[in-house]
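Student: One file is attached below, data03.tsv, containing TSV, C-alpha atoms.
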```tsv
chain	number	residue	atom	x	y	z
Z	1	MET	CA	307.48	-64.78	-102.44
Z	2	GLU	CA	310.94	-63.26	-102.22
Z	3	GLY	CA	309.63	-59.84	-103.28
Z	4	VAL	CA	306.93	-59.95	-100.61
Z	5	VAL	CA	309.49	-60.81	-97.93
Z	6	ARG	CA	311.82	-58.02	-99.06
Z	7	ARG	CA	308.97	-55.48	-98.86
Z	8	PHE	CA	308.17	-56.92	-95.42
Z	9	ASP	CA	304.48	-57.23	-96.30
Z	10	LEU	CA	303.49	-59.81	-93.70
Z	11	GLN	CA	299.81	-59.98	-94.53
Z	12	ARG	CA	300.55	-60.63	-98.18
Z	13	LEU	CA	303.10	-63.29	-97.23
Z	14	ASP	CA	300.46	-64.95	-95.05
Z	15	VAL	CA	298.04	-64.97	-98.00
Z	16	LEU	CA	300.74	-66.38	-100.31
Z	17	LEU	CA	301.47	-69.17	-97.86
Z	18	ARG	CA	297.79	-70.03	-97.62
Z	19	LEU	CA	297.25	-69.99	-101.38
Z	20	ASN	CA	300.28	-72.23	-101.92
Z	21	GLN	CA	299.76	-74.55	-98.95
Z	22	ARG	CA	299.49	-77.64	-101.15
Z	23	ARG	CA	302.81	-76.91	-102.82
Z	24	LEU	CA	304.78	-76.35	-99.61
Z	25	ASP	CA	305.53	-78.47	-96.54
Z	26	PRO	CA	302.42	-78.08	-94.31
Z	27	SER	CA	304.40	-78.09	-91.06
Z	28	VAL	CA	306.67	-75.29	-92.30
Z	29	VAL	CA	303.69	-73.29	-93.59
Z	30	GLY	CA	301.91	-73.73	-90.24
Z	31	ALA	CA	304.94	-72.59	-88.27
Z	32	LEU	CA	305.49	-69.55	-90.51
Z	33	ARG	CA	301.83	-68.57	-90.36
Z	34	ASP	CA	301.88	-68.82	-86.55
Z	35	LEU	CA	304.90	-66.49	-86.47
Z	36	LEU	CA	303.24	-64.05	-88.86
Z	37	ARG	CA	299.80	-64.02	-87.27
Z	38	ALA	CA	300.49	-61.45	-84.53
Z	39	ASP	CA	302.37	-59.07	-86.82
Z	40	THR	CA	299.84	-59.43	-89.63
Z	41	ASN	CA	297.03	-58.25	-87.38
Z	42	GLU	CA	298.97	-55.10	-86.48
Z	43	ALA	CA	300.63	-54.35	-89.82
Z	44	HIS	CA	297.64	-53.95	-92.11
Z	45	SER	CA	296.11	-50.70	-93.18
Z	46	THR	CA	292.40	-50.24	-93.65
Z	47	PRO	CA	291.49	-51.40	-97.17
Z	48	VAL	CA	288.93	-49.72	-99.33
Z	49	GLU	CA	285.69	-51.69	-99.64
Z	50	HIS	CA	285.08	-50.43	-103.18
Z	51	ASP	CA	288.40	-51.90	-104.34
Z	52	ALA	CA	287.51	-55.33	-102.95
Z	53	THR	CA	284.09	-55.25	-104.65
Z	54	VAL	CA	285.58	-54.29	-108.01
Z	55	GLN	CA	288.37	-56.85	-107.70
Z	56	LEU	CA	285.92	-59.61	-106.75
Z	57	MET	CA	283.80	-58.80	-109.79
Z	58	HIS	CA	286.95	-58.82	-111.91
Z	59	VAL	CA	287.96	-62.31	-110.70
Z	60	ALA	CA	284.40	-63.54	-111.33
Z	61	ALA	CA	284.46	-62.04	-114.85
Z	62	VAL	CA	287.80	-63.71	-115.68
Z	63	LEU	CA	286.56	-67.12	-114.53
Z	64	ALA	CA	283.23	-66.72	-116.38
Z	65	SER	CA	285.04	-65.66	-119.54
Z	66	TRP	CA	287.36	-68.66	-119.29
Z	67	LYS	CA	284.39	-71.01	-118.90
Z	68	ILE	CA	282.89	-69.69	-122.16
Z	69	LEU	CA	286.23	-69.67	-123.96
Z	70	ARG	CA	286.98	-73.24	-122.94
Z	71	VAL	CA	283.65	-74.39	-124.43
Z	72	ARG	CA	284.42	-72.50	-127.67
Z	73	LEU	CA	287.88	-74.04	-127.87
Z	74	ASP	CA	286.42	-77.51	-127.26
Z	75	GLU	CA	283.72	-76.93	-129.91
Z	76	GLN	CA	286.35	-75.84	-132.42
Z	77	ALA	CA	288.21	-79.06	-131.58
Z	78	VAL	CA	291.33	-77.03	-131.12
Z	79	ALA	CA	294.22	-79.37	-130.51
Z	80	ALA	CA	296.99	-76.87	-129.91
Z	81	PRO	CA	299.53	-78.21	-127.42
Z	82	GLU	CA	300.48	-74.55	-126.84
Z	83	LEU	CA	297.19	-74.19	-124.95
Z	84	ASP	CA	297.61	-77.12	-122.54
Z	85	PHE	CA	299.33	-74.82	-120.04
Z	86	LEU	CA	296.35	-72.44	-120.17
Z	87	LYS	CA	293.88	-75.11	-119.13
Z	88	GLU	CA	296.15	-76.06	-116.23
Z	89	ARG	CA	296.80	-72.47	-115.11
Z	90	MET	CA	293.12	-71.47	-115.27
Z	91	ALA	CA	292.14	-74.60	-113.31
Z	92	MET	CA	294.77	-73.65	-110.73
Z	93	LEU	CA	293.42	-70.08	-110.57
Z	94	ARG	CA	289.88	-71.34	-110.00
Z	95	SER	CA	291.11	-73.78	-107.37
Z	96	LEU	CA	293.00	-71.02	-105.53
Z	97	VAL	CA	289.92	-68.78	-105.61
Z	98	LEU	CA	287.83	-71.53	-104.07
Z	99	GLN	CA	290.52	-72.43	-101.50
Z	100	ALA	CA	290.56	-68.78	-100.45
Z	101	GLY	CA	286.87	-69.12	-99.61
Z	102	ILE	CA	285.68	-67.09	-102.58
Z	103	ASP	CA	282.72	-68.40	-104.56
Z	104	PRO	CA	282.95	-66.32	-107.75
Z	105	GLU	CA	279.27	-66.94	-108.51
Z	106	HIS	CA	278.09	-65.76	-105.08
Z	107	VAL	CA	280.24	-62.90	-103.82
Z	108	ASP	CA	277.51	-60.97	-102.02
Z	109	ALA	CA	277.76	-62.92	-98.74
Z	110	LEU	CA	281.53	-62.50	-98.64
Z	111	LEU	CA	281.25	-58.77	-99.34
Z	112	GLU	CA	278.65	-58.40	-96.60
Z	113	MET	CA	280.95	-60.14	-94.12
Z	114	ALA	CA	283.86	-57.93	-95.24
Z	115	ARG	CA	281.77	-54.79	-94.72
Z	116	GLU	CA	281.04	-55.82	-91.15
Z	117	GLU	CA	284.58	-56.87	-90.20
Z	118	SER	CA	287.60	-54.78	-91.22
Z	119	MET	CA	290.01	-57.69	-90.70
Z	120	VAL	CA	288.05	-59.82	-93.18
Z	121	LEU	CA	288.08	-56.94	-95.65
Z	122	SER	CA	291.81	-56.49	-95.20
Z	123	GLU	CA	292.51	-60.18	-95.74
Z	124	LEU	CA	290.16	-60.29	-98.73
Z	125	GLN	CA	291.97	-57.32	-100.25
Z	126	ALA	CA	295.38	-58.98	-99.81
Z	127	THR	CA	294.06	-62.20	-101.36
Z	128	LEU	CA	292.54	-60.34	-104.30
Z	129	ASP	CA	295.77	-58.42	-104.87
Z	130	GLU	CA	297.65	-61.71	-105.02
Z	131	LEU	CA	295.09	-63.20	-107.42
Z	132	GLY	CA	295.53	-60.08	-109.57
Z	133	TRP	CA	299.27	-60.73	-109.81
Z	134	LEU	CA	298.58	-64.35	-110.71
Z	135	MET	CA	296.17	-63.31	-113.47
Z	136	MET	CA	298.76	-60.91	-114.88
Z	137	ASP	CA	301.29	-63.74	-114.86
Z	138	ILE	CA	298.88	-65.99	-116.78
Z	139	ALA	CA	298.38	-63.20	-119.34
Z	140	ASN	CA	302.15	-62.86	-119.77
Z	141	GLU	CA	302.45	-66.61	-120.22
Z	142	ILE	CA	299.71	-66.58	-122.88
Z	143	GLU	CA	301.65	-63.91	-124.75
Z	144	ARG	CA	304.90	-65.89	-124.59
Z	145	ARG	CA	303.51	-69.31	-125.45
Z	146	THR	CA	301.00	-68.50	-128.19
Z	147	VAL	CA	303.18	-66.46	-130.54
Z	148	GLY	CA	303.20	-69.29	-133.10
Z	149	LEU	CA	299.43	-69.84	-133.14
Z	150	ASP	CA	297.34	-68.75	-136.10
Z	151	ALA	CA	295.66	-65.35	-135.99
Z	152	GLN	CA	292.16	-66.79	-135.56
Z	153	LEU	CA	293.10	-68.76	-132.47
Z	154	ARG	CA	295.02	-65.82	-130.99
Z	155	GLY	CA	291.93	-63.69	-131.63
Z	156	THR	CA	289.82	-66.21	-129.73
Z	157	LEU	CA	292.16	-65.80	-126.74
Z	158	GLU	CA	292.17	-61.99	-126.92
Z	159	GLU	CA	289.11	-61.36	-124.72
Z	160	LEU	CA	290.54	-63.49	-121.92
Z	161	LEU	CA	293.94	-61.87	-122.35
Z	162	VAL	CA	292.46	-58.38	-122.02
Z	163	LEU	CA	290.44	-59.39	-118.94
Z	164	LEU	CA	293.47	-60.95	-117.29
Z	165	ARG	CA	295.44	-57.74	-117.79
Z	166	VAL	CA	292.77	-55.40	-116.41
Z	167	ASP	CA	293.72	-53.90	-113.08
Z	168	GLY	CA	290.86	-55.21	-110.96
Z	169	ARG	CA	291.07	-52.19	-108.66
Z	170	GLN	CA	289.73	-49.99	-111.44
Z	171	GLU	CA	286.26	-50.05	-112.91
Z	172	MET	CA	285.95	-52.42	-115.86
Z	173	THR	CA	284.35	-50.87	-118.92
```
What would you get if you wrote out this structure as C-alpha cells?

Tutor:
Amino acid sequence: MEGVVRRFDLQRLDVLLRLNQRRLDPSVVGALRDLLRADTNEAHSTPVEHDATVQLMHVAAVLASWKILRVRLDEQAVAAPELDFLKERMAMLRSLVLQAGIDPEHVDALLEMAREESMVLSELQATLDELGWLMMDIANEIERRTVGLDAQLRGTLEELLVLLRVDGRQEMT
C-alpha cells in the first residue's frame, strides 16, 4: 500500500482498502474510503474497455487453471508441505475476486455494465490491475518456495506459473 500512497493513486488505494477490508480495522477503512471517495471520482482517467476485457479473461483463466491443477495434485496424492501456501494464496485470490463482485465464470454482465458506465469501467480496471499484481506476487512466491521440489512436480506447476506471470493487459496466446 505504501507504494500506492507515494504515487498518490487514490483510486488504486481505494481498491486496495476494499480488497483488504477483512484484514484491516473496518472503522479505519470506512473513514479512509470516505476521505478518498471525492478525490477518487475526479482523479481517474478513462480506462480502455479492451484492457478490462482481456484482464478479466486472464483472471478467469488463472482460476480455471488452478481448479484443474488442484485436482491433478490431489489425484497424484502430492503431500508437499511446500505447496500448502499455494492452496491458501489461490483461495485468497479467488475470495478477493468474488469480494470485488467479479464472477470469473460469468464476466459478460459485468463487462456490459462497465461499457455503459465509465466509472464502473474505471473501478474495474483498478481492481484488475491490483489482482494482476497479486497474481505476479503469487508467481514469485511459487518460484521461491518450490526450488527444492522434484522436476516432475515443478513441471506440473509450470502452466499456472506462466499464466500468473502473463500481463493480463496483453492478449494471451

Student: From the list Z:Ser122, Z:Met57, Z:Leu86, Z:Asp14, which residue is nearest Z:Leu157 when using only C-alpha atoms?

Tutor: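 Closest to Z:Leu157 of all the choices is Z:Leu86.
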
Student: From the set Z:Leu153, Z:Glu82, Z:Leu164, Z:Gly101, which residue has the shortest atom-to-atom contact distance to Z:Asn140, counting only C-alpha atoms?

Tutor: Z:Leu164

Student: Please return, as a PDB file with C-alpha atoms, keeping the file's coordinate frame, all polymer residues that have at least one atom within 12 Å of the point (295.0, -61.3, -123.2); use all atoms listed in the file and the file's own coordinate frame.

Tutor:
```pdb
ATOM      1  CA  VAL Z  62     287.800 -63.710-115.680  1.00  0.00           C
ATOM      2  CA  SER Z  65     285.040 -65.660-119.540  1.00  0.00           C
ATOM      3  CA  TRP Z  66     287.360 -68.660-119.290  1.00  0.00           C
ATOM      4  CA  LEU Z  86     296.350 -72.440-120.170  1.00  0.00           C
ATOM      5  CA  MET Z 135     296.170 -63.310-113.470  1.00  0.00           C
ATOM      6  CA  MET Z 136     298.760 -60.910-114.880  1.00  0.00           C
ATOM      7  CA  ASP Z 137     301.290 -63.740-114.860  1.00  0.00           C
ATOM      8  CA  ILE Z 138     298.880 -65.990-116.780  1.00  0.00           C
ATOM      9  CA  ALA Z 139     298.380 -63.200-119.340  1.00  0.00           C
ATOM     10  CA  ASN Z 140     302.150 -62.860-119.770  1.00  0.00           C
ATOM     11  CA  GLU Z 141     302.450 -66.610-120.220  1.00  0.00           C
ATOM     12  CA  ILE Z 142     299.710 -66.580-122.880  1.00  0.00           C
ATOM     13  CA  GLU Z 143     301.650 -63.910-124.750  1.00  0.00           C
ATOM     14  CA  ARG Z 144     304.900 -65.890-124.590  1.00  0.00           C
ATOM     15  CA  ARG Z 145     303.510 -69.310-125.450  1.00  0.00           C
ATOM     16  CA  THR Z 146     301.000 -68.500-128.190  1.00  0.00           C
ATOM     17  CA  ARG Z 154     295.020 -65.820-130.990  1.00  0.00           C
ATOM     18  CA  GLY Z 155     291.930 -63.690-131.630  1.00  0.00           C
ATOM     19  CA  THR Z 156     289.820 -66.210-129.730  1.00  0.00           C
ATOM     20  CA  LEU Z 157     292.160 -65.800-126.740  1.00  0.00           C
ATOM     21  CA  GLU Z 158     292.170 -61.990-126.920  1.00  0.00           C
ATOM     22  CA  GLU Z 159     289.110 -61.360-124.720  1.00  0.00           C
ATOM     23  CA  LEU Z 160     290.540 -63.490-121.920  1.00  0.00           C
ATOM     24  CA  LEU Z 161     293.940 -61.870-122.350  1.00  0.00           C
ATOM     25  CA  VAL Z 162     292.460 -58.380-122.020  1.00  0.00           C
ATOM     26  CA  LEU Z 163     290.440 -59.390-118.940  1.00  0.00           C
ATOM     27  CA  LEU Z 164     293.470 -60.950-117.290  1.00  0.00           C
ATOM     28  CA  ARG Z 165     295.440 -57.740-117.790  1.00  0.00           C
ATOM     29  CA  VAL Z 166     292.770 -55.400-116.410  1.00  0.00           C
TER      30      VAL Z 166
END
```

Student: Within 10 Å of (290.6, -70.4, -112.1), in the coordinates the file gives, what residues turn up when you count only C-alpha atoms, written out as a list in words?

Tutor: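 So the residues meeting the distance criterion are Val59, Ala60, Val62, Leu63, Ala64, Trp66, Lys67, Lys87, Glu88, Arg89, Met90, Ala91, Met92, Leu93, Arg94, Ser95, Leu96, Val97, Leu98, Pro104, Leu131 and Met135 of chain Z.
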
Student: For atom CA of Z:Leu73 and atom CA of Z:Val147, quote the distance in Å rounded to one decimal.

Tutor: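 Answer for the atom CA of Z:Leu73 to atom CA of Z:Val147 separation: 17.3 Å.
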
Student: Just how far from atom CA of Z:Asp129 is atom CA of Z:Asp103, in Å to one decimal?

Tutor: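 Computed distance, atom CA of Z:Asp103 to atom CA of Z:Asp129, equals 16.4 Å.
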
Student: Could you give me stretch 92-117 of chain Z completed to N, CA and C atoms, formatted as an mmCIF file, in the frame of the given file?

Tutor:
```cif
data_model
loop_
_atom_site.group_PDB
_atom_site.id
_atom_site.type_symbol
_atom_site.label_atom_id
_atom_site.label_comp_id
_atom_site.auth_asym_id
_atom_site.auth_seq_id
_atom_site.Cartn_x
_atom_site.Cartn_y
_atom_site.Cartn_z
ATOM 1 N N MET Z 92 294.077 -74.000 -111.970
ATOM 2 C CA MET Z 92 294.770 -73.650 -110.730
ATOM 3 C C MET Z 92 294.213 -72.341 -110.159
ATOM 4 N N LEU Z 93 293.979 -71.353 -111.027
ATOM 5 C CA LEU Z 93 293.420 -70.080 -110.570
ATOM 6 C C LEU Z 93 292.062 -70.305 -109.909
ATOM 7 N N ARG Z 94 291.207 -71.063 -110.563
ATOM 8 C CA ARG Z 94 289.880 -71.340 -110.000
ATOM 9 C C ARG Z 94 289.999 -72.074 -108.663
ATOM 10 N N SER Z 95 290.901 -73.039 -108.600
ATOM 11 C CA SER Z 95 291.110 -73.780 -107.370
ATOM 12 C C SER Z 95 291.583 -72.852 -106.237
ATOM 13 N N LEU Z 96 292.510 -71.961 -106.544
ATOM 14 C CA LEU Z 96 293.000 -71.020 -105.530
ATOM 15 C C LEU Z 96 291.890 -70.090 -105.047
ATOM 16 N N VAL Z 97 291.051 -69.658 -105.965
ATOM 17 C CA VAL Z 97 289.920 -68.780 -105.610
ATOM 18 C C VAL Z 97 289.011 -69.514 -104.625
ATOM 19 N N LEU Z 98 288.695 -70.760 -104.948
ATOM 20 C CA LEU Z 98 287.830 -71.530 -104.070
ATOM 21 C C LEU Z 98 288.493 -71.845 -102.737
ATOM 22 N N GLN Z 99 289.789 -72.167 -102.756
ATOM 23 C CA GLN Z 99 290.520 -72.430 -101.500
ATOM 24 C C GLN Z 99 290.558 -71.201 -100.606
ATOM 25 N N ALA Z 100 290.543 -70.024 -101.219
ATOM 26 C CA ALA Z 100 290.560 -68.780 -100.450
ATOM 27 C C ALA Z 100 289.183 -68.464 -99.861
ATOM 28 N N GLY Z 101 288.217 -69.319 -100.144
ATOM 29 C CA GLY Z 101 286.870 -69.120 -99.610
ATOM 30 C C GLY Z 101 286.029 -68.181 -100.444
ATOM 31 N N ILE Z 102 286.414 -67.985 -101.686
ATOM 32 C CA ILE Z 102 285.680 -67.090 -102.580
ATOM 33 C C ILE Z 102 284.892 -67.929 -103.570
ATOM 34 N N ASP Z 103 283.576 -67.762 -103.561
ATOM 35 C CA ASP Z 103 282.720 -68.400 -104.560
ATOM 36 C C ASP Z 103 282.427 -67.327 -105.600
ATOM 37 N N PRO Z 104 283.075 -67.398 -106.770
ATOM 38 C CA PRO Z 104 282.950 -66.320 -107.750
ATOM 39 C C PRO Z 104 281.513 -66.106 -108.265
ATOM 40 N N GLU Z 105 280.659 -67.088 -108.055
ATOM 41 C CA GLU Z 105 279.270 -66.940 -108.510
ATOM 42 C C GLU Z 105 278.363 -66.364 -107.430
ATOM 43 N N HIS Z 106 278.874 -66.278 -106.205
ATOM 44 C CA HIS Z 106 278.090 -65.760 -105.080
ATOM 45 C C HIS Z 106 278.977 -64.925 -104.171
ATOM 46 N N VAL Z 107 279.320 -63.737 -104.594
ATOM 47 C CA VAL Z 107 280.240 -62.900 -103.820
ATOM 48 C C VAL Z 107 279.544 -62.001 -102.809
ATOM 49 N N ASP Z 108 278.236 -61.892 -102.893
ATOM 50 C CA ASP Z 108 277.510 -60.970 -102.020
ATOM 51 C C ASP Z 108 277.689 -61.278 -100.530
ATOM 52 N N ALA Z 109 277.619 -62.556 -100.156
ATOM 53 C CA ALA Z 109 277.760 -62.920 -98.740
ATOM 54 C C ALA Z 109 279.153 -62.567 -98.227
ATOM 55 N N LEU Z 110 280.169 -62.823 -99.035
ATOM 56 C CA LEU Z 110 281.530 -62.500 -98.640
ATOM 57 C C LEU Z 110 281.714 -60.988 -98.498
ATOM 58 N N LEU Z 111 281.154 -60.234 -99.423
ATOM 59 C CA LEU Z 111 281.250 -58.770 -99.340
ATOM 60 C C LEU Z 111 280.527 -58.238 -98.113
ATOM 61 N N GLU Z 112 279.391 -58.825 -97.783
ATOM 62 C CA GLU Z 112 278.650 -58.400 -96.600
ATOM 63 C C GLU Z 112 279.473 -58.651 -95.332
ATOM 64 N N MET Z 113 280.109 -59.825 -95.263
ATOM 65 C CA MET Z 113 280.950 -60.140 -94.120
ATOM 66 C C MET Z 113 282.133 -59.175 -94.049
ATOM 67 N N ALA Z 114 282.713 -58.851 -95.201
ATOM 68 C CA ALA Z 114 283.860 -57.930 -95.240
ATOM 69 C C ALA Z 114 283.450 -56.529 -94.807
ATOM 70 N N ARG Z 115 282.242 -56.114 -95.133
ATOM 71 C CA ARG Z 115 281.770 -54.790 -94.720
ATOM 72 C C ARG Z 115 281.636 -54.697 -93.200
ATOM 73 N N GLU Z 116 281.278 -55.806 -92.585
ATOM 74 C CA GLU Z 116 281.040 -55.820 -91.150
ATOM 75 C C GLU Z 116 282.324 -55.998 -90.335
ATOM 76 N N GLU Z 117 283.359 -56.562 -90.931
ATOM 77 C CA GLU Z 117 284.580 -56.870 -90.200
ATOM 78 C C GLU Z 117 285.790 -56.396 -90.989
#
```
